[in-house]
Amino acid sequence: MVLTATHHVSAAHPSTLGGRLAAGSARAVVTFAGQGVAVLDELAALVAQRPELAPGVALGTEVMTRVAGSDLALEAGAYRHGVDVSAWVLDPDGAPDAAYLRGAAVAYPLSLLAQALLWRALWADTLADAIAAGSVLAFAGHSQGLLAARLVAEAPGGEVTDALLAAHLERAAIQGLHLSAAACGRSPMAAIDGVPFARLEPLLAEVNAVAASPAATVALVNAPARLVVAGPPATLDLLRARLTEQAAREERARRAGRRGGAPLRFEWHELAVDVPFHSPALAGPLAAFEPHAAEAETWAPVLGGEGGVARAQFVEPVRWDAVAAEIAALGADWVLDLGPGTAVARLTAENLRGTGVRTLALASPEGRRVLTAPGAAPAGRDITYAELVPGVVELPGGRRHLDTRYTRATGRPPVILAGMTP
């Protein structure tokens with residue numbers, strides 16, 4: 001196979017977001033999402049729109065076929081429905097069922113392939129110029145997305161060659177095989193929305209004190225009140241019951257006037273996975289995979305994988321809230337999220353609200369239109385909460401009063417009574 005990447009052929013129009021990045025008047029951090037979406041449908045749609053990416057799909061099939069013939073794969077039996085990604089992309093309806101595609105041995109290389117090919121398309125369209133201008137400040141990956149972040153950060157100038165992509169796809173497949181060793185029948189992970197970490201932690205400790213080992217742990221902090229826990233399904237059942245009991249107790253106390261404020265309310269969603277990612281339960285598979293975990297030098301920072309990408313994938317919790325804080329501290333104007341899906345882009349936007357950083361989901365056709373269409377992307381930074389902080393000003397006569405955007409617009413004190421329309 002000829003080792004080539006998608007060639008960079010055009011410069012972005014100066015009035016597009018891509019043009020502003022190429023001119024150095026805007027700066028961005030590129031992020032990649034993890035598992036949890038129908039990545040095959042997304043990949044098939046992308047290749048249908050950009051046929052020049054089809055050789056990359058053939059490369060993916062070639063690499064996965066080679067891995068599927070290894071002793072490790074044959075012993076695991078993880079590829080019982082084959083690995084003909086090219087055929088799946090041509091006919092997604094004829095592909096294996098969702099349970100097979102979301103198994104780690106398939107999902108890890110398949111997601112990485114989709115992200116890498118979308119990156120190639122965007123690099124050819126506009127991001128090569130942005131990198132040359134120094135406008136891409138860093139890369140970050142949410143969970144499995146760290147693999148794609150690392151791939152692009154290792155590619156000189158962001159140009160992902162077939163040789164580099166093949167090496168990373170093979171490593172992703174091998175990693176997925178080792179992760180599959182910890183697969184269980186029921187989902188060992190659940191998302192909890194509405195409960196901050198500080199509130200969940202003591203309840204989780206209570207449950208772990210009475211449950212059989214291993215303990216359940218917080219695997220991902222997606223936002224301050226959006227958490228994911230991992231552990232034995234029976235322990236997760238106990239945690240859900242304990243949260244339900246606590247919510248009912250606080251609701252009764254609130255109605256009886258014995259408690260102020262809002263009672264505990266939460267939403268529980270079992271994740272469609274069979275491996276307890278980002279938990280101590282994967283220490284054994286991590287040890288088995290470590291001989292394959294060597295990392296090359298990168299030309300840009302990769303946020304969120306400071307202890308090593310493999311360790312971050314297997315046993316370390318994801319702190320997406322902390323990654324968002326790093327992005328804001330870098331002074332980025334935009335986050336460009338390459339998916340798959342748009343859920344992580346929404347989480348990133350939630351974490352960055354009020355910092356001035358905008359988020360654009362490039363996994364969607366609309367997001368790609370905003371990147372490349374003249375005038376589609378808003379100019380300047382997003383609203384910053386720091387700009388809204390009240391201040392005190394002193395008038396020439398020595399009188400001091402509160403200064404807000406309201407007082408500057410109206411010349412009146414910032415006093416609004418109930419029922420008034422400001």
# chains A, B, ... in the order shown; residues from 1 in each chain; ligands from 1
call {"tool": "residues_around", "arguments": {"residues": "segment 222-238 of chain A", "least_positions_apart": "4", "cutoff": "7 Å", "atoms": "only C-alpha atoms", "output": "mmCIF file with C-alpha atoms, in the first residue's frame"}}
result
data_model
loop_
_atom_site.group_PDB
_atom_site.id
_atom_site.type_symbol
_atom_site.label_atom_id
_atom_site.label_comp_id
_atom_site.auth_asym_id
_atom_site.auth_seq_id
_atom_site.Cartn_x
_atom_site.Cartn_y
_atom_site.Cartn_z
ATOM 1 C CA ARG A 186 -23.979 -6.419 32.527
ATOM 2 C CA SER A 187 -22.739 -2.882 32.103
ATOM 3 C CA PRO A 188 -20.217 -1.989 34.829
ATOM 4 C CA MET A 189 -20.584 1.771 34.265
ATOM 5 C CA ALA A 190 -23.346 4.322 34.853
ATOM 6 C CA ALA A 191 -23.678 8.063 34.293
ATOM 7 C CA ILE A 192 -25.093 10.134 37.151
ATOM 8 C CA ASP A 193 -26.344 13.622 36.366
ATOM 9 C CA GLY A 194 -27.219 16.176 39.019
ATOM 10 C CA VAL A 195 -24.925 15.018 41.843
ATOM 11 C CA PRO A 196 -21.669 16.906 42.473
ATOM 12 C CA PHE A 197 -18.591 14.880 43.369
ATOM 13 C CA VAL A 207 -21.853 1.574 49.647
ATOM 14 C CA ALA A 211 -20.364 -4.248 49.142
ATOM 15 C CA ALA A 215 -15.003 -1.119 45.047
ATOM 16 C CA ALA A 216 -16.980 1.140 42.746
ATOM 17 C CA THR A 217 -15.165 4.359 41.854
ATOM 18 C CA VAL A 218 -15.760 7.627 40.064
ATOM 19 C CA ARG A 242 -28.668 4.563 48.198
ATOM 20 C CA PRO A 276 -15.193 -0.793 33.604
ATOM 21 C CA SER A 279 -11.039 2.105 37.135
ATOM 22 C CA ARG A 319 -11.251 14.831 34.694
ATOM 23 C CA TRP A 320 -12.823 16.636 31.764
ATOM 24 C CA ASP A 321 -13.620 19.581 34.006
ATOM 25 C CA LEU A 347 -19.899 18.880 27.790
ATOM 26 C CA ASN A 351 -17.466 23.483 31.318
#
call {"tool": "closest_atom_pairs", "arguments": {"of": "segment 7-94 of chain A", "to": "segment 302-318 of chain A", "cutoff": "10 Å", "atoms": "only C-alpha atoms", "output": "JSON lines"}}
result
{"residue": "A:Val29", "atom": "CA", "partner": "A:Leu303", "partner_atom": "CA", "distance": 9.7}
{"residue": "A:Val30", "atom": "CA", "partner": "A:Val302", "partner_atom": "CA", "distance": 9.7}
{"residue": "A:Thr31", "atom": "CA", "partner": "A:Leu303", "partner_atom": "CA", "distance": 9.3}
call {"tool": "select_by_dssp", "arguments": {"residues": "segment 270-421 of chain A", "states": "helix (DSSP H, G or I)", "output": "MDAnalysis selection string"}}
result
chainID A and resid 280:292 309:314 320:330 343:352 365:372 385:388 405:410
call {"tool": "residues_around", "arguments": {"residues": "Glu62 of chain A", "least_positions_apart": "5", "cutoff": "10 Å", "atoms": "only C-alpha atoms", "output": "compact mmCIF listing (two decimals) with all heavy atoms, in the first residue's frame"}}
result
# COMPACT_ATOMS: atom_id res chain seq x y z
N MET A 1 0.85 -1.19 0.00
CA MET A 1 0.00 0.00 0.00
C MET A 1 0.88 1.24 0.00
O MET A 1 1.89 1.31 0.71
CB MET A 1 -0.89 -0.01 1.25
CG MET A 1 -1.73 1.25 1.41
SD MET A 1 -2.98 1.07 2.70
CE MET A 1 -4.08 -0.08 1.90
N GLY A 56 -8.07 5.15 3.28
CA GLY A 56 -7.82 5.06 4.71
C GLY A 56 -8.67 3.97 5.36
O GLY A 56 -8.22 3.29 6.29
N VAL A 57 -9.90 3.79 4.88
CA VAL A 57 -10.75 2.71 5.38
C VAL A 57 -10.14 1.36 5.02
O VAL A 57 -10.12 0.43 5.83
CB VAL A 57 -12.17 2.84 4.82
CG1 VAL A 57 -13.05 1.69 5.30
CG2 VAL A 57 -12.79 4.18 5.23
N VAL A 67 -4.24 -7.91 12.95
CA VAL A 67 -4.38 -8.10 14.39
C VAL A 67 -5.30 -9.28 14.70
O VAL A 67 -5.03 -10.08 15.60
CB VAL A 67 -4.92 -6.82 15.06
CG1 VAL A 67 -5.22 -7.06 16.54
CG2 VAL A 67 -3.92 -5.68 14.91
N ALA A 68 -6.37 -9.43 13.90
CA ALA A 68 -7.34 -10.51 14.14
C ALA A 68 -6.71 -11.89 13.97
O ALA A 68 -7.20 -12.87 14.53
CB ALA A 68 -8.53 -10.36 13.20
N VAL A 83 -13.63 -8.39 10.49
CA VAL A 83 -13.16 -7.01 10.64
C VAL A 83 -13.12 -6.31 9.29
O VAL A 83 -12.25 -5.47 9.04
CB VAL A 83 -11.75 -6.98 11.28
CG1 VAL A 83 -11.80 -7.39 12.74
CG2 VAL A 83 -10.77 -7.87 10.51
N ASP A 84 -14.08 -6.60 8.43
CA ASP A 84 -14.09 -6.01 7.09
C ASP A 84 -14.70 -4.61 7.17
O ASP A 84 -15.86 -4.39 6.79
CB ASP A 84 -14.85 -6.89 6.12
CG ASP A 84 -14.61 -6.49 4.67
OD1 ASP A 84 -14.06 -5.40 4.44
OD2 ASP A 84 -14.98 -7.28 3.77
N VAL A 85 -13.92 -3.66 7.64
CA VAL A 85 -14.41 -2.30 7.83
C VAL A 85 -14.84 -1.69 6.50
O VAL A 85 -15.83 -0.96 6.43
CB VAL A 85 -13.33 -1.42 8.50
CG1 VAL A 85 -13.86 -0.01 8.74
CG2 VAL A 85 -12.88 -2.05 9.81
N SER A 86 -14.13 -2.01 5.43
CA SER A 86 -14.49 -1.47 4.11
C SER A 86 -15.90 -1.87 3.72
O SER A 86 -16.69 -1.06 3.23
CB SER A 86 -13.49 -1.95 3.06
OG SER A 86 -12.18 -1.45 3.33
N ALA A 166 -1.34 3.44 10.62
CA ALA A 166 -1.36 1.98 10.77
C ALA A 166 -0.78 1.56 12.11
O ALA A 166 -1.33 0.67 12.79
CB ALA A 166 -0.57 1.33 9.62
N GLU A 170 -3.06 -0.33 14.98
CA GLU A 170 -2.68 -1.64 15.51
C GLU A 170 -2.58 -1.59 17.03
O GLU A 170 -3.06 -2.49 17.73
CB GLU A 170 -1.34 -2.08 14.90
CG GLU A 170 -0.90 -3.45 15.38
CD GLU A 170 0.30 -3.97 14.61
OE1 GLU A 170 0.61 -3.43 13.53
OE2 GLU A 170 0.92 -4.94 15.09
call {"tool": "select_by_dssp", "arguments": {"residues": "segment 134-217 of chain A", "states": "strand (DSSP E or B)", "output": "PyMOL selection string"}}
result
chain A and resi 136-141+189-193+217
call {"tool": "residues_around", "arguments": {"residues": "Gly103 of chain A", "least_positions_apart": "3", "cutoff": "12 Å", "atoms": "only C-alpha atoms", "output": "number ranges by chain"}}
result
A: 35-36, 76-81, 96-100, 106-111, 173, 175-185, 187, 272-275
call {"tool": "write_last_selection", "arguments": {"atoms": "N, CA and C atoms", "output": "short mmCIF file (atom, residue, chain, number, x, y, z; two decimals), in the first residue's frame"}}
result
data_model
loop_
_atom_site.label_atom_id
_atom_site.label_comp_id
_atom_site.auth_asym_id
_atom_site.auth_seq_id
_atom_site.Cartn_x
_atom_site.Cartn_y
_atom_site.Cartn_z
N GLN A 35 -15.93 6.84 23.23
CA GLN A 35 -16.95 5.93 22.72
C GLN A 35 -18.35 6.42 23.11
N GLY A 36 -19.36 5.70 22.62
CA GLY A 36 -20.72 6.00 23.05
C GLY A 36 -21.65 6.43 21.94
N ALA A 76 -8.69 -14.58 22.44
CA ALA A 76 -9.78 -13.79 23.00
C ALA A 76 -11.10 -14.05 22.30
N GLY A 77 -11.05 -14.45 21.03
CA GLY A 77 -12.28 -14.66 20.27
C GLY A 77 -13.09 -13.40 20.06
N ALA A 78 -12.40 -12.25 20.01
CA ALA A 78 -13.09 -10.96 19.96
C ALA A 78 -13.55 -10.58 18.56
N TYR A 79 -13.05 -11.29 17.52
CA TYR A 79 -13.36 -10.89 16.14
C TYR A 79 -14.16 -11.99 15.43
N ARG A 80 -15.13 -12.55 16.12
CA ARG A 80 -15.89 -13.67 15.57
C ARG A 80 -16.74 -13.27 14.36
N HIS A 81 -17.07 -11.97 14.22
CA HIS A 81 -17.85 -11.51 13.08
C HIS A 81 -16.99 -10.80 12.03
N PRO A 96 -22.03 -6.04 11.48
CA PRO A 96 -22.44 -6.76 12.69
C PRO A 96 -23.27 -5.87 13.63
N ASP A 97 -23.89 -6.49 14.61
CA ASP A 97 -24.79 -5.73 15.49
C ASP A 97 -24.03 -4.77 16.38
N ALA A 98 -24.78 -3.88 17.05
CA ALA A 98 -24.18 -2.81 17.85
C ALA A 98 -23.34 -3.36 19.00
N ALA A 99 -23.76 -4.46 19.59
CA ALA A 99 -23.00 -5.03 20.71
C ALA A 99 -21.60 -5.43 20.27
N TYR A 100 -21.48 -5.99 19.08
CA TYR A 100 -20.16 -6.39 18.56
C TYR A 100 -19.31 -5.15 18.26
N VAL A 106 -13.07 -3.90 18.86
CA VAL A 106 -13.51 -3.31 17.59
C VAL A 106 -13.66 -1.80 17.72
N ALA A 107 -14.29 -1.37 18.81
CA ALA A 107 -14.61 0.05 18.95
C ALA A 107 -13.37 0.93 19.03
N TYR A 108 -12.32 0.47 19.69
CA TYR A 108 -11.13 1.32 19.83
C TYR A 108 -10.49 1.64 18.48
N PRO A 109 -10.14 0.64 17.66
CA PRO A 109 -9.56 1.01 16.35
C PRO A 109 -10.57 1.66 15.42
N LEU A 110 -11.85 1.28 15.49
CA LEU A 110 -12.84 1.86 14.60
C LEU A 110 -13.06 3.34 14.90
N SER A 111 -13.14 3.69 16.18
CA SER A 111 -13.29 5.10 16.55
C SER A 111 -12.07 5.90 16.15
N ALA A 173 -6.08 -1.52 18.52
CA ALA A 173 -6.73 -2.82 18.50
C ALA A 173 -6.18 -3.73 19.59
N GLN A 175 -4.79 -2.75 22.36
CA GLN A 175 -5.28 -2.21 23.62
C GLN A 175 -6.72 -2.67 23.87
N GLY A 176 -7.54 -2.61 22.81
CA GLY A 176 -8.92 -3.06 22.95
C GLY A 176 -9.02 -4.52 23.33
N LEU A 177 -8.12 -5.35 22.79
CA LEU A 177 -8.12 -6.77 23.14
C LEU A 177 -7.80 -6.97 24.62
N HIS A 178 -6.84 -6.23 25.12
CA HIS A 178 -6.50 -6.35 26.55
C HIS A 178 -7.64 -5.82 27.42
N LEU A 179 -8.28 -4.75 26.99
CA LEU A 179 -9.43 -4.24 27.75
C LEU A 179 -10.57 -5.25 27.76
N SER A 180 -10.75 -5.97 26.65
CA SER A 180 -11.83 -6.94 26.56
C SER A 180 -11.69 -8.06 27.57
N ALA A 181 -10.48 -8.26 28.07
CA ALA A 181 -10.28 -9.31 29.07
C ALA A 181 -11.07 -9.05 30.34
N ALA A 182 -11.45 -7.78 30.57
CA ALA A 182 -12.21 -7.41 31.78
C ALA A 182 -13.69 -7.27 31.49
N ALA A 183 -14.15 -7.72 30.31
CA ALA A 183 -15.56 -7.56 29.96
C ALA A 183 -16.44 -8.42 30.86
N CYS A 184 -17.63 -7.89 31.16
CA CYS A 184 -18.59 -8.63 31.96
C CYS A 184 -19.96 -8.57 31.27
N GLY A 185 -20.88 -9.35 31.74
CA GLY A 185 -22.17 -9.43 31.08
C GLY A 185 -22.98 -8.15 31.15
N SER A 187 -23.58 -4.07 32.17
CA SER A 187 -22.74 -2.88 32.10
C SER A 187 -22.16 -2.57 33.48
N ALA A 272 -23.77 1.76 27.72
CA ALA A 272 -23.74 0.58 26.86
C ALA A 272 -22.30 0.15 26.61
N VAL A 273 -21.64 -0.29 27.67
CA VAL A 273 -20.26 -0.79 27.59
C VAL A 273 -20.19 -2.08 28.40
N ASP A 274 -19.15 -2.86 28.18
CA ASP A 274 -18.99 -4.11 28.94
C ASP A 274 -17.68 -4.15 29.71
N VAL A 275 -16.97 -3.03 29.76
CA VAL A 275 -15.68 -2.94 30.45
C VAL A 275 -15.72 -1.76 31.41
#
call {"tool": "closest_residue", "arguments": {"among": "A:Arg199, A:Leu101, A:Ala379, A:Pro291", "to": "Pro263 of chain A", "atoms": "only C-alpha atoms"}}
result
A:Arg199
call {"tool": "closest_residue", "arguments": {"among": "A:Ala105, A:Leu122, A:Gly60, A:Glu75", "to": "His168 of chain A", "atoms": "only C-alpha atoms"}}
result
A:Gly60
